[in-house]
Amino acid sequence: RALEAVRAPAADVDGFVREFLRELNFGQGVSLARATVNDQYLALARTVRHYLMARWLEAIAHQRREPVKAVGYLSAEYLLGRQLDNALLAADLEGVVTDGLAQCGLSLDTLREQEEEPGLGNGGLGRLAACFIDSLATLSVPCIGYGIRYEYGIFRQTFVDGRQVEQPDTWLALGSPWEFPHPESSQPVNFAGHTETFVDDDGSERTRWVPEWGVIGVPYNYMVPGYRNGRVNTLRLWSAQATKAFDLSIFNGGDYVDAVRAQTFAENISKVLYPEDSTPQGKELRLQQQYFFVACSLADFMFEVLDKDFDLTRLPERIVFQLNDTHPVIAVPEMMRLLVDVKKLPWDQAWEITRQCFNYTCHTLLPEALEVWPVDLLRRLLPRHYEIIDRINAEFLADVRARFPGDEMMVRRMSIISDYPERGVRMAHLATVASGRVNGVAELHSQLLRDKVLPDFSRIWPEKFTNVTNGVTPRRFLRHANPSLSGLITEAIGDGWVTDLDKLQELEPLAGDASFRARFREVKRANKSRLVNLLRERDGYELPVEPMLDVMVKRLHEYKRQSLKLLHIVTLYDRIASGRVAASQIQPRTFVFGAKAAPGYWMAKETIHLINAVASTVNSDPALEGVLHVAFPANYNVTLAETLIPAADLSEQISLAGKEASGTGNMKFALNGALTIGTDDGANVEIRRLVGEDNFFLFGLLEPEVADLSAQGYVPSSFYESDDELKRALDLIAAGAFSGGNPDTFAPVVSNLLHEDRFMALADYRAYLDAQARVDAAYADQDAWSRSAILNVARCGFFSSDRSMRDYIDRIWHTDPVS
Ligand code: 26Y
């Protein structure tokens, strides 16, 4: 035992300095005098790890020792954000580290800037996974997050002449101090080949898969520390490596160069995150990624975390896997394969176990975002899995036919394997059939999921469907990102809110306290100034601190309607430029955009170009100095969000009703005291209900109205013809006012809005401008505005991801915390 004991370094300044210098000297191999900032950062990160290590090892030992049920979160994306500050916060080391570094003549502020954030996700779904594992650790619920260690995360966005240009994200280049590779726990993963039947020793006929090639999955472990509770969970990300056997056969053939090439081929699997976040391309490599991480993860849990001879009929007592969208759904046939082919359980028993082990979260409403794998591809890459899916489908459809005799239309609609437009496997159907529970991510979304996306399924299995409204971690997005507001809150109500966000309700009376409101405004102003400084250094913007800060940050997508936001800005610009309104009559505003477009999403990229063009026109007009400014900092990511969100006055959540599943940025803004201008969509609905309709600027079509307008036949040009300001704004863009007089530059964007406008921006334009006028009027009364902003903070406790996790635990997982 004594030999096993891991002791953390003393949590005082001397203890820290000793350990830090030891890491610098023995870990980095440099003296303090010669150390670069990167050396210092790496040594610091490793030092901080040491403080968490004992708890981590204990949690891992406990998992193997005690028969507790764990959550296996299966997600192709984890958008983690920087690790250093999160670890310091969890371990309560910020003071000690700041002082200790100062003794060494170093500053924490400088070192934290050295960290490249792990951007292993596209947007909301990946960030949600990161918030969830943070909350589970804080709630002391055992969880292993499983995913992919992409060598290149989400691309780094740059602008060249206002257009998006993607650069590879080399987040590992300067070292990765937060990860622990465990090559000894590697898992083999096979692909392709064929299946064959054979007679087993016991005389039964069985199937085996004879694969054609394979790779090795090497796990990299990351600590997921709970907030000051001594719990450290694990995030286990898999990296693909070539197998020795694979190489050898080619080496033996004498072709060294081909052998090395084969290695590269295998390692491609975890090379890069796919940057599309809504339209699946049906790319073979993506299916390889999905199967790769899921196969590694199931084998890891079933045969490594559990004993090799564990009685798998009891598997549901030890694990519940959550499928983060359809991306990991190939886990379902993989578990069947492990149970039936490898462990030789009877099919029905295996299916019973499998159904108890999986639950599925859907994150979309757009039909084009639902993954359908072409049968030919799936069959070629995973022949045994295809057979298993086929049998699951046959048994499922037999059930449907028994319950609804003669309704072949229904059978076709529900089939896991579709015939049209090509034969394909509908992963959402497979997930629904195999899962105990299926959930949407906000109330409205869950309702639409039942009524519109999976209506037949919700009819036959109403009890399967449930809602869990998303949440965000208050540690990263309030306590860490907004130290000034955190300090003010803690001074007023104590620090219990960090792990019990409902406590923010206690702020409610302070909204009526003039001196508290004044301090709240000071905090906002300080946060704005922090942002203005950052944008000056990071992007060269010269922005005033005074104006209202109006922020729209999210992936660039037509349904999110960045173009509607642009039409507002262009209208304000036009009002002044045409002399209809004096600049002095306008409520000064700074607009900030942050958005990456999928590299292949042409219209999204044109919109980015237009935002930049409008920004440069507006920013260079001397008449608008101090009145209107537009900033579009490149490469919006978690790190930028952490400075941007606390500074915002106004949060733009303007998707077409019925299209945004939930949104989570909306929650982060409200929690940091921004007011929302938003449609009746996703979690906006719940935010508005909780903060009160007086403290939320609602506008736009409601979801049923959208459906009606669609059914009638939506004609965007009729809105253009009947609204003079809208016409002027679009004409201005079309005439080249933002493209040096060139009318061609943005013709496609204008024409798309005028003739297609799939997401009805023109229909909502007037309502949006009216709502913005209400915003201006409200902002003019700063005292009333701060009251509303404080009420937003006080009433947003519900949106903690701790609450989301409790909902999953109560309604879906039925797991217990460990002491
Ligand atoms: C299949 C592939 C192309 C794909 C890759 C990533 C499809 C979707 C995604 C990511 C989707 C996503 O981020 N969805 C967002 O999930 C958030 C968390 O639930 C929601 O708040 C948000 O409304 C939803 O768009």
# chains A, B, ... in the order shown; residues from 1 in each chain; ligands from 1
>>> residues_near_ligand(ligand="ligand 1", cutoff="6 Å", atoms="only C-alpha atoms and all ligand atoms", output="JSON list (two decimals) with C-alpha atoms, in the first residue's frame")
[["chain", "number", "residue", "atom", "x", "y", "z"],
["A", 123, "GLY", "CA", -19.86, 23.41, -32.31],
["A", 124, "GLY", "CA", -22.82, 22.82, -30.04],
["A", 125, "LEU", "CA", -22.83, 19.05, -29.95],
["A", 128, "LEU", "CA", -22.26, 19.89, -24.95],
["A", 276, "GLU", "CA", -19.31, 19.53, -41.57],
["A", 277, "ASP", "CA", -21.81, 19.92, -38.79],
["A", 278, "SER", "CA", -25.10, 19.23, -40.50],
["A", 279, "THR", "CA", -24.90, 17.67, -43.94],
["A", 280, "PRO", "CA", -23.41, 14.19, -43.79],
["A", 363, "HIS", "CA", -29.58, 16.97, -31.87],
["A", 364, "THR", "CA", -31.28, 18.07, -35.04],
["A", 369, "ALA", "CA", -28.66, 16.17, -41.10],
["A", 371, "GLU", "CA", -27.19, 10.11, -41.26],
["A", 441, "VAL", "CA", -32.40, 18.53, -26.31],
["A", 660, "GLU", "CA", -32.50, 25.07, -33.87],
["A", 661, "ALA", "CA", -32.72, 21.98, -31.71],
["A", 662, "SER", "CA", -31.71, 23.82, -28.56],
["A", 663, "GLY", "CA", -28.78, 26.18, -28.77],
["A", 664, "THR", "CA", -26.42, 26.41, -25.82]]
>>> residues_around(residues="Ile733 of chain A", least_positions_apart="2", cutoff="10 Å", atoms="only C-alpha atoms", output="MDAnalysis selection string")
chainID A and resid 567 570 610 613:614 728:731 735:739 741:747 749:750
>>> select_by_dssp(residues="segment 459-601 of chain A", states="strand (DSSP E)", output="list in words")
Phe465, Thr466, Asn467, Met548, Leu549, Asp550, Val551, Met552, Val553, Arg589, Thr590, Phe591, Val592, Phe593 and Gly594 of chain A
>>> residues_around(residues="Arg774 of chain A", least_positions_apart="4", cutoff="8 Å", atoms="only C-alpha atoms", output="list in words")
Phe697, Asp770 and Ala778 of chain A
>>> atom_distance(atom1="atom CA of Arg7 of chain A", atom2="atom CA of Ala45 of chain A")
17.3 Å
>>> atom_distance(atom1="atom CA of Ser107 of chain A", atom2="atom CA of Asp14 of chain A")
16.4 Å
>>> residues_around(residues="Ala242 of chain A", least_positions_apart="4", cutoff="12 Å", atoms="only C-alpha atoms", output="short mmCIF file (atom, residue, chain, number, x, y, z; two decimals) with N, CA and C atoms, in the first residue's frame")
data_model
loop_
_atom_site.label_atom_id
_atom_site.label_comp_id
_atom_site.auth_asym_id
_atom_site.auth_seq_id
_atom_site.Cartn_x
_atom_site.Cartn_y
_atom_site.Cartn_z
N SER A 186 -4.02 -0.95 -26.05
CA SER A 186 -4.53 -0.77 -27.42
C SER A 186 -5.57 -1.82 -27.77
N GLN A 187 -6.41 -1.47 -28.72
CA GLN A 187 -7.44 -2.39 -29.18
C GLN A 187 -7.32 -2.56 -30.69
N PRO A 188 -7.40 -3.80 -31.16
CA PRO A 188 -7.41 -4.01 -32.61
C PRO A 188 -8.81 -3.73 -33.17
N VAL A 189 -8.86 -3.15 -34.35
CA VAL A 189 -10.15 -2.88 -35.01
C VAL A 189 -10.04 -3.36 -36.46
N ASN A 190 -11.03 -4.12 -36.88
CA ASN A 190 -10.98 -4.71 -38.22
C ASN A 190 -11.97 -4.07 -39.18
N TRP A 213 -8.59 -6.10 -43.43
CA TRP A 213 -7.50 -5.28 -42.88
C TRP A 213 -7.93 -4.74 -41.52
N GLY A 214 -6.93 -4.21 -40.82
CA GLY A 214 -7.26 -3.70 -39.49
C GLY A 214 -6.29 -2.62 -39.06
N VAL A 215 -6.65 -1.97 -38.00
CA VAL A 215 -5.76 -0.97 -37.40
C VAL A 215 -5.77 -1.20 -35.89
N ILE A 216 -4.90 -0.47 -35.22
CA ILE A 216 -4.83 -0.54 -33.76
C ILE A 216 -5.32 0.79 -33.20
N GLY A 217 -6.16 0.74 -32.18
CA GLY A 217 -6.57 1.96 -31.49
C GLY A 217 -5.75 2.13 -30.23
N VAL A 218 -5.03 3.22 -30.15
CA VAL A 218 -4.24 3.50 -28.94
C VAL A 218 -5.00 4.52 -28.11
N PHE A 246 0.08 -6.15 -40.34
CA PHE A 246 -0.25 -5.53 -41.61
C PHE A 246 1.02 -5.11 -42.35
N ASP A 247 1.88 -4.42 -41.61
CA ASP A 247 3.13 -3.97 -42.23
C ASP A 247 4.00 -5.14 -42.66
N LEU A 248 4.09 -6.13 -41.73
CA LEU A 248 5.04 -7.21 -41.95
C LEU A 248 4.82 -7.93 -43.27
N ALA A 259 5.09 -0.42 -47.48
CA ALA A 259 4.76 -0.73 -46.08
C ALA A 259 4.59 0.56 -45.29
N VAL A 260 5.47 1.50 -45.51
CA VAL A 260 5.36 2.77 -44.79
C VAL A 260 4.11 3.52 -45.24
N ARG A 261 3.80 3.39 -46.52
CA ARG A 261 2.59 4.03 -47.02
C ARG A 261 1.34 3.43 -46.35
N ALA A 262 1.36 2.13 -46.17
CA ALA A 262 0.23 1.45 -45.54
C ALA A 262 0.02 1.99 -44.13
N GLN A 263 1.13 2.25 -43.48
CA GLN A 263 1.06 2.80 -42.13
C GLN A 263 0.32 4.13 -42.14
N THR A 264 0.68 4.98 -43.08
CA THR A 264 0.02 6.28 -43.19
C THR A 264 -1.47 6.11 -43.44
N PHE A 265 -1.79 5.14 -44.27
CA PHE A 265 -3.18 4.87 -44.60
C PHE A 265 -3.97 4.55 -43.33
N ALA A 266 -3.43 3.66 -42.51
CA ALA A 266 -4.13 3.28 -41.28
C ALA A 266 -4.29 4.49 -40.38
N GLU A 267 -3.25 5.28 -40.31
CA GLU A 267 -3.27 6.38 -39.35
C GLU A 267 -4.13 7.55 -39.80
N ASN A 268 -4.57 7.49 -41.05
CA ASN A 268 -5.50 8.51 -41.54
C ASN A 268 -6.80 8.54 -40.75
N ILE A 269 -7.15 7.39 -40.16
CA ILE A 269 -8.49 7.28 -39.56
C ILE A 269 -8.72 8.35 -38.50
N SER A 270 -7.73 8.60 -37.66
CA SER A 270 -7.94 9.62 -36.62
C SER A 270 -7.21 10.92 -36.96
#
>>> select_by_dssp(residues="segment 609-684 of chain A", states="alpha helix (DSSP H)", output="number ranges by chain")
A: 609-619, 638-644, 665-671, 684
>>> closest_atom_pairs(of="segment 421-440 of chain A", to="segment 453-476 of chain A", cutoff="6 Å", atoms="only C-alpha atoms", output="Markdown table")
| residue | atom | partner | partner_atom | distance |
| --- | --- | --- | --- | --- |
| A:Arg437 | CA | A:Lys464 | CA | 4.7 |
| A:Val438 | CA | A:Phe465 | CA | 5.0 |
| A:Asn439 | CA | A:Thr466 | CA | 4.9 |
| A:Gly440 | CA | A:Asn467 | CA | 5.2 |
>>> write_last_selection(atoms="N, CA and C atoms", output="PDB file, in the first residue's frame")
ATOM      1  N   ARG A 437     -34.257   4.706 -24.234  1.00  0.00           N
ATOM      2  CA  ARG A 437     -34.808   6.053 -24.272  1.00  0.00           C
ATOM      3  C   ARG A 437     -34.228   6.841 -25.439  1.00  0.00           C
ATOM      4  N   VAL A 438     -35.077   7.696 -26.014  1.00  0.00           N
ATOM      5  CA  VAL A 438     -34.662   8.605 -27.080  1.00  0.00           C
ATOM      6  C   VAL A 438     -35.013  10.001 -26.607  1.00  0.00           C
ATOM      7  N   ASN A 439     -34.039  10.910 -26.634  1.00  0.00           N
ATOM      8  CA  ASN A 439     -34.375  12.257 -26.166  1.00  0.00           C
ATOM      9  C   ASN A 439     -33.976  13.352 -27.123  1.00  0.00           C
ATOM     10  N   GLY A 440     -34.770  14.419 -27.106  1.00  0.00           N
ATOM     11  CA  GLY A 440     -34.414  15.669 -27.753  1.00  0.00           C
ATOM     12  C   GLY A 440     -33.749  16.559 -26.717  1.00  0.00           C
TER      13      GLY A 440
END
>>> closest_residue(among="A:Leu675, A:Leu791, A:Ala647, A:Leu754", to="Leu690 of chain A", atoms="only C-alpha atoms")
A:Leu791
>>> atom_distance(atom1="atom CA of Ala10 of chain A", atom2="atom CA of Ala61 of chain A")
23.3 Å
>>> residues_around(residues="Arg380 of chain A", least_positions_apart="5", cutoff="9 Å", atoms="only C-alpha atoms", output="JSON, numbers by chain")
{"A": [191, 192, 193, 194, 375, 386]}
>>> write_last_selection(atoms="N, CA and C atoms", output="short mmCIF file (atom, residue, chain, number, x, y, z; two decimals), in the first residue's frame")
data_model
loop_
_atom_site.label_atom_id
_atom_site.label_comp_id
_atom_site.auth_asym_id
_atom_site.auth_seq_id
_atom_site.Cartn_x
_atom_site.Cartn_y
_atom_site.Cartn_z
N PHE A 191 -11.65 -4.21 -40.46
CA PHE A 191 -12.53 -3.67 -41.50
C PHE A 191 -12.62 -4.63 -42.68
N ALA A 192 -13.72 -4.50 -43.41
CA ALA A 192 -13.92 -5.13 -44.73
C ALA A 192 -13.85 -6.67 -44.69
N GLY A 193 -13.54 -7.28 -45.81
CA GLY A 193 -13.53 -8.74 -45.88
C GLY A 193 -14.91 -9.32 -46.11
N HIS A 194 -15.14 -10.53 -45.56
CA HIS A 194 -16.42 -11.19 -45.77
C HIS A 194 -16.82 -11.96 -44.51
N VAL A 375 -26.02 1.36 -48.34
CA VAL A 375 -25.87 -0.06 -48.02
C VAL A 375 -24.59 -0.64 -48.62
N TYR A 386 -23.50 -5.26 -41.22
CA TYR A 386 -24.65 -5.12 -42.10
C TYR A 386 -25.62 -6.28 -41.91
#
>>> residues_around(residues="Val553 of chain A", least_positions_apart="3", cutoff="8 Å", atoms="only C-alpha atoms", output="list in words")
Val592, Phe593, Gly594, Ala595, Tyr636, Glu652 and Gly665 of chain A
>>> write_last_selection(atoms="C-alpha atoms", output="PDB file, in the first residue's frame")
ATOM      1  CA  VAL A 592     -19.662  41.157 -33.193  1.00  0.00           C
ATOM      2  CA  PHE A 593     -19.874  38.048 -35.330  1.00  0.00           C
ATOM      3  CA  GLY A 594     -18.067  34.793 -34.836  1.00  0.00           C
ATOM      4  CA  ALA A 595     -18.733  31.922 -37.231  1.00  0.00           C
ATOM      5  CA  TYR A 636     -14.190  31.898 -33.127  1.00  0.00           C
ATOM      6  CA  GLU A 652     -28.682  37.119 -31.019  1.00  0.00           C
ATOM      7  CA  GLY A 665     -24.746  29.730 -26.591  1.00  0.00           C
TER       8      GLY A 665
END
>>> residues_around(residues="Ala394 of chain A", least_positions_apart="6", cutoff="10 Å", atoms="only C-alpha atoms", output="PyMOL selection string")
chain A and resi 388+400+415-417
>>> closest_residue(among="A:Tyr559, A:Phe719, A:Phe591, A:Phe301", to="Ile654 of chain A", atoms="only C-alpha atoms")
A:Tyr559
>>> closest_atom_pairs(of="segment 185-268 of chain A", to="segment 88-92 of chain A", cutoff="12 Å", atoms="only C-alpha atoms", output="Markdown table")
| residue | atom | partner | partner_atom | distance |
| --- | --- | --- | --- | --- |
| A:Met223 | CA | A:Ala90 | CA | 11.1 |
| A:Val224 | CA | A:Ala90 | CA | 9.4 |
| A:Pro225 | CA | A:Ala90 | CA | 6.2 |
| A:Gly226 | CA | A:Ala90 | CA | 6.1 |
| A:Tyr227 | CA | A:Ala90 | CA | 4.3 |
| A:Arg228 | CA | A:Ala90 | CA | 5.1 |
| A:Asn229 | CA | A:Ala90 | CA | 8.1 |
| A:Gly230 | CA | A:Ala91 | CA | 8.2 |
| A:Arg231 | CA | A:Ala90 | CA | 9.6 |
| A:Val232 | CA | A:Ala90 | CA | 9.7 |
>>> write_last_selection(atoms="N, CA and C atoms", output="compact mmCIF listing (two decimals), in the first residue's frame")
# COMPACT_ATOMS: atom_id res chain seq x y z
N MET A 223 -7.66 13.70 -17.91
CA MET A 223 -8.35 13.85 -16.63
C MET A 223 -9.59 14.72 -16.83
N VAL A 224 -10.67 14.34 -16.17
CA VAL A 224 -11.86 15.19 -16.14
C VAL A 224 -12.15 15.48 -14.67
N PRO A 225 -11.58 16.56 -14.17
CA PRO A 225 -11.70 16.80 -12.73
C PRO A 225 -13.05 17.41 -12.35
N GLY A 226 -13.64 16.89 -11.29
CA GLY A 226 -14.82 17.54 -10.72
C GLY A 226 -14.40 18.81 -10.00
N TYR A 227 -15.36 19.67 -9.76
CA TYR A 227 -15.05 20.93 -9.11
C TYR A 227 -14.86 20.73 -7.60
N ARG A 228 -13.62 20.73 -7.18
CA ARG A 228 -13.25 20.70 -5.76
C ARG A 228 -13.93 19.60 -4.96
N ASN A 229 -14.16 18.46 -5.62
CA ASN A 229 -14.82 17.38 -4.89
C ASN A 229 -13.95 16.13 -4.85
N GLY A 230 -12.73 16.24 -5.31
CA GLY A 230 -11.84 15.08 -5.26
C GLY A 230 -12.14 14.00 -6.27
N ARG A 231 -13.09 14.22 -7.14
CA ARG A 231 -13.41 13.21 -8.15
C ARG A 231 -12.70 13.57 -9.45
N VAL A 232 -12.08 12.61 -10.06
CA VAL A 232 -11.51 12.82 -11.39
C VAL A 232 -11.96 11.67 -12.29
>>> closest_atom_pairs(of="segment 101-173 of chain A", to="segment 289-300 of chain A", cutoff="12 Å", atoms="only C-alpha atoms", output="Markdown table")
| residue | atom | partner | partner_atom | distance |
| --- | --- | --- | --- | --- |
| A:Ile144 | CA | A:Ser297 | CA | 9.5 |
| A:Gly145 | CA | A:Ser297 | CA | 9.3 |
| A:Tyr146 | CA | A:Ser297 | CA | 6.3 |
| A:Gly147 | CA | A:Phe293 | CA | 6.1 |
| A:Ile148 | CA | A:Phe293 | CA | 6.1 |
| A:Arg149 | CA | A:Phe293 | CA | 9.3 |
| A:Tyr150 | CA | A:Gln289 | CA | 9.8 |
>>> closest_atom_pairs(of="segment 74-146 of chain A", to="segment 620-635 of chain A", cutoff="12 Å", atoms="only C-alpha atoms", output="CSV")
residue,atom,partner,partner_atom,distance
A:Glu117,CA,A:Asn635,CA,11.9
A:Gly119,CA,A:Asn635,CA,11.1
A:Asn122,CA,A:Asn635,CA,11.9
>>> decode(residues="segment 666-693 of chain A", atoms="N, CA and C atoms", output="JSON list (two decimals), in the first residue's frame")
[["chain", "number", "residue", "atom", "x", "y", "z"],
["A", 666, "ASN", "N", -27.04, 30.47, -26.37],
["A", 666, "ASN", "CA", -28.13, 31.28, -25.80],
["A", 666, "ASN", "C", -28.11, 31.24, -24.27],
["A", 667, "MET", "N", -27.85, 30.05, -23.71],
["A", 667, "MET", "CA", -27.82, 29.90, -22.24],
["A", 667, "MET", "C", -26.61, 30.62, -21.63],
["A", 668, "LYS", "N", -25.47, 30.51, -22.31],
["A", 668, "LYS", "CA", -24.23, 31.12, -21.79],
["A", 668, "LYS", "C", -24.38, 32.63, -21.72],
["A", 669, "PHE", "N", -24.97, 33.22, -22.74],
["A", 669, "PHE", "CA", -25.16, 34.67, -22.75],
["A", 669, "PHE", "C", -26.10, 35.12, -21.63],
["A", 670, "ALA", "N", -27.25, 34.47, -21.52],
["A", 670, "ALA", "CA", -28.23, 34.88, -20.52],
["A", 670, "ALA", "C", -27.63, 34.76, -19.11],
["A", 671, "LEU", "N", -26.89, 33.69, -18.90],
["A", 671, "LEU", "CA", -26.25, 33.46, -17.61],
["A", 671, "LEU", "C", -25.23, 34.53, -17.27],
["A", 672, "ASN", "N", -24.66, 35.14, -18.30],
["A", 672, "ASN", "CA", -23.69, 36.21, -18.09],
["A", 672, "ASN", "C", -24.32, 37.59, -18.20],
["A", 673, "GLY", "N", -25.64, 37.64, -18.15],
["A", 673, "GLY", "CA", -26.31, 38.93, -18.07],
["A", 673, "GLY", "C", -26.48, 39.67, -19.38],
["A", 674, "ALA", "N", -26.54, 38.93, -20.49],
["A", 674, "ALA", "CA", -26.96, 39.57, -21.75],
["A", 674, "ALA", "C", -28.45, 39.32, -21.89],
["A", 675, "LEU", "N", -29.15, 40.26, -22.51],
["A", 675, "LEU", "CA", -30.55, 40.02, -22.86],
["A", 675, "LEU", "C", -30.59, 39.38, -24.24],
["A", 676, "THR", "N", -31.62, 38.58, -24.46],
["A", 676, "THR", "CA", -31.73, 37.86, -25.72],
["A", 676, "THR", "C", -32.73, 38.52, -26.63],
["A", 677, "ILE", "N", -32.34, 38.68, -27.91],
["A", 677, "ILE", "CA", -33.33, 38.92, -28.94],
["A", 677, "ILE", "C", -33.43, 37.60, -29.69],
["A", 678, "GLY", "N", -34.63, 37.03, -29.71],
["A", 678, "GLY", "CA", -34.69, 35.69, -30.25],
["A", 678, "GLY", "C", -36.06, 35.27, -30.73],
["A", 679, "THR", "N", -36.02, 34.21, -31.53],
["A", 679, "THR", "CA", -37.26, 33.61, -32.03],
["A", 679, "THR", "C", -37.76, 32.57, -31.02],
["A", 680, "ASP", "N", -38.94, 32.10, -31.27],
["A", 680, "ASP", "CA", -39.53, 31.07, -30.41],
["A", 680, "ASP", "C", -38.99, 29.71, -30.85],
["A", 681, "ASP", "N", -37.74, 29.47, -30.56],
["A", 681, "ASP", "CA", -37.08, 28.28, -31.09],
["A", 681, "ASP", "C", -36.16, 27.66, -30.03],
["A", 682, "GLY", "N", -36.00, 26.35, -30.13],
["A", 682, "GLY", "CA", -35.06, 25.64, -29.26],
["A", 682, "GLY", "C", -35.25, 26.01, -27.81],
["A", 683, "ALA", "N", -34.16, 26.14, -27.11],
["A", 683, "ALA", "CA", -34.22, 26.47, -25.68],
["A", 683, "ALA", "C", -34.57, 27.94, -25.43],
["A", 684, "ASN", "N", -34.60, 28.76, -26.50],
["A", 684, "ASN", "CA", -35.07, 30.15, -26.31],
["A", 684, "ASN", "C", -36.42, 30.15, -25.61],
["A", 685, "VAL", "N", -37.25, 29.17, -25.99],
["A", 685, "VAL", "CA", -38.60, 29.11, -25.44],
["A", 685, "VAL", "C", -38.54, 29.02, -23.91],
["A", 686, "GLU", "N", -37.64, 28.15, -23.44],
["A", 686, "GLU", "CA", -37.54, 27.95, -21.99],
["A", 686, "GLU", "C", -36.82, 29.12, -21.32],
["A", 687, "ILE", "N", -35.84, 29.70, -22.01],
["A", 687, "ILE", "CA", -35.15, 30.87, -21.45],
["A", 687, "ILE", "C", -36.17, 31.98, -21.23],
["A", 688, "ARG", "N", -36.99, 32.22, -22.24],
["A", 688, "ARG", "CA", -37.96, 33.30, -22.14],
["A", 688, "ARG", "C", -38.95, 33.04, -21.02],
["A", 689, "ARG", "N", -39.42, 31.79, -20.93],
["A", 689, "ARG", "CA", -40.38, 31.47, -19.87],
["A", 689, "ARG", "C", -39.76, 31.72, -18.50],
["A", 690, "LEU", "N", -38.50, 31.37, -18.34],
["A", 690, "LEU", "CA", -37.87, 31.50, -17.03],
["A", 690, "LEU", "C", -37.47, 32.94, -16.69],
["A", 691, "VAL", "N", -36.89, 33.65, -17.67],
["A", 691, "VAL", "CA", -36.44, 35.01, -17.33],
["A", 691, "VAL", "C", -37.60, 36.01, -17.34],
["A", 692, "GLY", "N", -38.69, 35.62, -17.95],
["A", 692, "GLY", "CA", -39.86, 36.52, -18.01],
["A", 692, "GLY", "C", -39.91, 37.24, -19.33],
["A", 693, "GLU", "N", -41.10, 37.37, -19.89],
["A", 693, "GLU", "CA", -41.20, 37.92, -21.24],
["A", 693, "GLU", "C", -40.78, 39.38, -21.32]]
